[in-house]
Amino acid sequence: MSELWYKNAVFYEVYVRAFFDSNGDGHGDLKGLMQKLDYLKDLGVDCIWLLPIYPSPLRDDGYDIADYYSILPTYGALEDFCELLDAVHARGMRLITDLVLNHTSDQHPWFQSARSSRQSPYRDYYVWSDTDQKYRETRIIFLDTEKSNWTWDEVAGQYYWHRFYSSQPDLNYDNPAVQEEMRNVMRFWLDLGVDGFRADAVPYLFEREGTNCENLPETHEYLKSLRRFMDEHYPGRILLCEANQWPEDVLPYFGDGDEFHMGFHFPVMPRIFKALREGRADSLVDILKRTPEIPENCQWCTFLRNHDELTLEMVSEEDRQWMWREYAPHPRMRLNLGIRRRLAPLLDNDRRKISLAYSLLFTLPGSPIIYYGDEIGMGDNIWLEDRNGVRTPMQWTNAPNGGFSSASPEKLYAPVIDDPQFSPERVNVTDQLNDPQSLLNVLRRMIATRKAQSVLGKGKLQWAQIPTPLPSLVAFHRVDEIESILALHNLSAQSQPVSVSVLPQTTVLHDLLTGENFTPADGMISLILQPYDYRWLKEIR
Ligand code: GLC
């Protein structure tokens, strides 16, 4: 069973640069993270996901890797990484790293060699063309900066293919040597002891004329070979898939339980925000109904926010406009097809809405992932470039720099949030730890409760029967062979009387968060939900 640990795990996404600066240079580092592991353990985190930590010119914050086998010097050295890993494991936690398969940095020696000559052994590591007219059905992802997926390289005398920034040339997976290189990269980190990978941007590995170059059979075949390699040599480690796609297109990434262990559920995320703003459950319910069953040994990974813009790729054009109007009224809040804001500001810094969103995250199917800082309701800075406004220093205390670093403020990699509503004086870990009612403590209790109820990790979703439908009510059971939990969420700003059917033979409903008990009558439970209220009711038989 323990090989399925990820099915009932709570994940936490760490941006090392932002987390804690141990040496006062203004940048967070691995040693700094190490000092904060007890905090993560106390929060209830089971598995840490580290954003890229490798040497990089940082044109895409480390997703442009220049060396797959070492650590960005400002973050530390490989020894620090190994020490961190030991410290994580000693606390019974796990750690996964980012595996960037699709592209390298243009500063990577492979690319430097490849562009220098057609005879270079690395030429064929990348995708070259004499024209920029190939693969024209392929969309551009970084719409605000890139005009084409092809960029002319003066040195090479050809165009090269890139799905992201032009400083991130795509690797050529038709070349067996590339396939082998990336397996070696995996082996290196797995041998060091990482518990798996969050595999970046996997839909785009192969290109084929006449397709949109996403989710191709060749891509799945290669990914399956990586899984076989992991199963054979490193059982119990996981592959988490970043495929920003519709649920039915993510499904093949689980294969028959022989491709990815986990996959992010992208479409559900914006719909949580939509549902909350509209006070209506339908869009959320619709996407969950559209979400297929996945193999028994697989799990969705759900999230509210991450280090990127809140992506609106997986919504209709109409919904995208609606989301932008509602959640990104200022042009600076928009980026590509998304919104560069953090959770708390998006939800008007309204504790009720933020807690409700987390409650959905912790009760819906999937293992939840928390983005650093969102557990204390950190703010954002829309005036920073790219996605940097949601990557500002973690706010530990109300001291200068939010206790993140002892450097002088102008030496920090990014300014600490200074919006008075979200500045460290108002929002910081230490104060929240001391306040039993703080968001942080509410979340800790939710996490502990969730982890004590394995049905929330492994159970199926079953929609609750509501005799008089209420558009603002999200009501479902999580059910396995032995037990069930009825989760109720009131999306509206009004209090609502609700009546919902309980599952057969339920004698008492025990509220896991408040300790209250309710007795059903005629197979129904009736109660009043306060504005943005939520209930986790264990159905006792
Ligand atoms: C993923 C990452 C994003 C990065 C992109 C290119 O989408 O989440 O931050 O820019 O891949 O590597």
# chains A, B, ... in the order shown; residues from 1 in each chain; ligands from 1
call {"tool": "residues_near_ligand", "arguments": {"ligand": "ligand 1", "cutoff": "6 Å", "atoms": "only C-alpha atoms and all ligand atoms", "output": "list in words"}}
result
Asp60, Tyr63, Phe164, Asp200, Ala201 and Asp308 of chain A
call {"tool": "write_last_selection", "arguments": {"atoms": "N, CA and C atoms", "output": "short mmCIF file (atom, residue, chain, number, x, y, z; two decimals), in the first residue's frame"}}
result
data_model
loop_
_atom_site.label_atom_id
_atom_site.label_comp_id
_atom_site.auth_asym_id
_atom_site.auth_seq_id
_atom_site.Cartn_x
_atom_site.Cartn_y
_atom_site.Cartn_z
N ASP A 60 13.59 31.96 -17.75
CA ASP A 60 12.27 31.45 -17.37
C ASP A 60 12.38 30.86 -15.97
N TYR A 63 13.33 27.22 -15.52
CA TYR A 63 12.78 26.25 -16.48
C TYR A 63 13.60 26.24 -17.77
N PHE A 164 8.09 27.41 -25.83
CA PHE A 164 8.01 28.47 -24.81
C PHE A 164 8.88 29.63 -25.28
N ASP A 200 7.58 18.55 -16.40
CA ASP A 200 7.15 19.81 -16.97
C ASP A 200 6.72 19.66 -18.43
N ALA A 201 5.62 20.29 -18.78
CA ALA A 201 5.27 20.51 -20.19
C ALA A 201 5.37 19.25 -21.05
N ASP A 308 2.71 29.90 -11.78
CA ASP A 308 2.40 30.50 -13.08
C ASP A 308 1.18 31.40 -12.96
#
call {"tool": "residues_around", "arguments": {"residues": "Phe362 of chain A", "least_positions_apart": "3", "cutoff": "8 Å", "atoms": "only C-alpha atoms", "output": "PDB file with all heavy atoms, in the first residue's frame"}}
result
ATOM      1  N   TYR A 358     -10.264  26.327  -0.125  1.00  0.00           N
ATOM      2  CA  TYR A 358      -9.426  25.245   0.398  1.00  0.00           C
ATOM      3  C   TYR A 358     -10.264  24.025   0.758  1.00  0.00           C
ATOM      4  O   TYR A 358      -9.841  22.886   0.563  1.00  0.00           O
ATOM      5  CB  TYR A 358      -8.629  25.707   1.616  1.00  0.00           C
ATOM      6  CG  TYR A 358      -7.316  26.357   1.259  1.00  0.00           C
ATOM      7  CD1 TYR A 358      -7.047  27.678   1.585  1.00  0.00           C
ATOM      8  CD2 TYR A 358      -6.331  25.632   0.583  1.00  0.00           C
ATOM      9  CE1 TYR A 358      -5.830  28.265   1.257  1.00  0.00           C
ATOM     10  CE2 TYR A 358      -5.116  26.214   0.253  1.00  0.00           C
ATOM     11  CZ  TYR A 358      -4.867  27.528   0.594  1.00  0.00           C
ATOM     12  OH  TYR A 358      -3.674  28.102   0.266  1.00  0.00           O
ATOM     13  N   SER A 359     -11.443  24.255   1.290  1.00  0.00           N
ATOM     14  CA  SER A 359     -12.283  23.120   1.641  1.00  0.00           C
ATOM     15  C   SER A 359     -12.636  22.305   0.395  1.00  0.00           C
ATOM     16  O   SER A 359     -12.618  21.067   0.418  1.00  0.00           O
ATOM     17  CB  SER A 359     -13.555  23.596   2.345  1.00  0.00           C
ATOM     18  OG  SER A 359     -14.438  22.508   2.509  1.00  0.00           O
ATOM     19  N   SER A 367      -5.181  14.633  -4.934  1.00  0.00           N
ATOM     20  CA  SER A 367      -4.304  15.043  -3.840  1.00  0.00           C
ATOM     21  C   SER A 367      -4.003  16.523  -4.011  1.00  0.00           C
ATOM     22  O   SER A 367      -3.583  16.954  -5.082  1.00  0.00           O
ATOM     23  CB  SER A 367      -3.008  14.231  -3.867  1.00  0.00           C
ATOM     24  OG  SER A 367      -3.284  12.899  -3.519  1.00  0.00           O
ATOM     25  N   PRO A 368      -4.204  17.299  -2.946  1.00  0.00           N
ATOM     26  CA  PRO A 368      -4.067  18.745  -3.080  1.00  0.00           C
ATOM     27  C   PRO A 368      -2.613  19.203  -3.013  1.00  0.00           C
ATOM     28  O   PRO A 368      -1.785  18.586  -2.352  1.00  0.00           O
ATOM     29  CB  PRO A 368      -4.826  19.264  -1.859  1.00  0.00           C
ATOM     30  CG  PRO A 368      -4.707  18.187  -0.849  1.00  0.00           C
ATOM     31  CD  PRO A 368      -4.645  16.894  -1.610  1.00  0.00           C
ATOM     32  N   MET A 446      -7.632  21.551   8.772  1.00  0.00           N
ATOM     33  CA  MET A 446      -8.248  20.900   7.611  1.00  0.00           C
ATOM     34  C   MET A 446      -7.344  19.787   7.083  1.00  0.00           C
ATOM     35  O   MET A 446      -7.806  18.695   6.757  1.00  0.00           O
ATOM     36  CB  MET A 446      -8.444  21.910   6.476  1.00  0.00           C
ATOM     37  CG  MET A 446      -9.769  22.589   6.441  1.00  0.00           C
ATOM     38  SD  MET A 446      -9.964  23.318   4.785  1.00  0.00           S
ATOM     39  CE  MET A 446     -10.678  24.874   5.219  1.00  0.00           C
ATOM     40  N   ILE A 447      -6.060  20.087   7.005  1.00  0.00           N
ATOM     41  CA  ILE A 447      -5.118  19.105   6.462  1.00  0.00           C
ATOM     42  C   ILE A 447      -5.064  17.870   7.366  1.00  0.00           C
ATOM     43  O   ILE A 447      -5.134  16.731   6.896  1.00  0.00           O
ATOM     44  CB  ILE A 447      -3.718  19.735   6.290  1.00  0.00           C
ATOM     45  CG1 ILE A 447      -3.751  20.796   5.194  1.00  0.00           C
ATOM     46  CG2 ILE A 447      -2.673  18.669   5.981  1.00  0.00           C
ATOM     47  CD1 ILE A 447      -2.480  21.608   5.058  1.00  0.00           C
ATOM     48  N   ARG A 450      -8.205  15.908   6.918  1.00  0.00           N
ATOM     49  CA  ARG A 450      -8.212  15.209   5.641  1.00  0.00           C
ATOM     50  C   ARG A 450      -7.313  13.974   5.690  1.00  0.00           C
ATOM     51  O   ARG A 450      -7.680  12.888   5.224  1.00  0.00           O
ATOM     52  CB  ARG A 450      -7.714  16.130   4.528  1.00  0.00           C
ATOM     53  CG  ARG A 450      -7.647  15.382   3.223  1.00  0.00           C
ATOM     54  CD  ARG A 450      -6.957  16.081   2.119  1.00  0.00           C
ATOM     55  NE  ARG A 450      -6.474  15.064   1.193  1.00  0.00           N
ATOM     56  CZ  ARG A 450      -7.064  14.760   0.047  1.00  0.00           C
ATOM     57  NH1 ARG A 450      -8.136  15.384  -0.334  1.00  0.00           N
ATOM     58  NH2 ARG A 450      -6.570  13.803  -0.721  1.00  0.00           N
ATOM     59  N   LEU A 456     -11.047  10.481   1.816  1.00  0.00           N
ATOM     60  CA  LEU A 456     -10.908  11.732   1.068  1.00  0.00           C
ATOM     61  C   LEU A 456      -9.787  11.644   0.035  1.00  0.00           C
ATOM     62  O   LEU A 456      -9.766  12.385  -0.953  1.00  0.00           O
ATOM     63  CB  LEU A 456     -10.671  12.912   2.018  1.00  0.00           C
ATOM     64  CG  LEU A 456     -11.881  13.342   2.852  1.00  0.00           C
ATOM     65  CD1 LEU A 456     -11.504  14.441   3.838  1.00  0.00           C
ATOM     66  CD2 LEU A 456     -13.043  13.809   1.976  1.00  0.00           C
TER      67      LEU A 456
END
call {"tool": "select_by_dssp", "arguments": {"residues": "segment 143-250 of chain A", "states": "strand (DSSP E)", "output": "list in words"}}
result
Trp150, Thr151, Trp152, Asp153, Gln158, Tyr159, Tyr160, Trp161, Gly196, Phe197, Arg198, Ala199, Asp200, Ile238, Leu239, Leu240 and Cys241 of chain A
call {"tool": "closest_residue", "arguments": {"among": "A:Arg59, A:Thr291, A:Ser283, A:Gln107", "to": "Asn388 of chain A", "atoms": "only C-alpha atoms"}}
result
A:Arg59
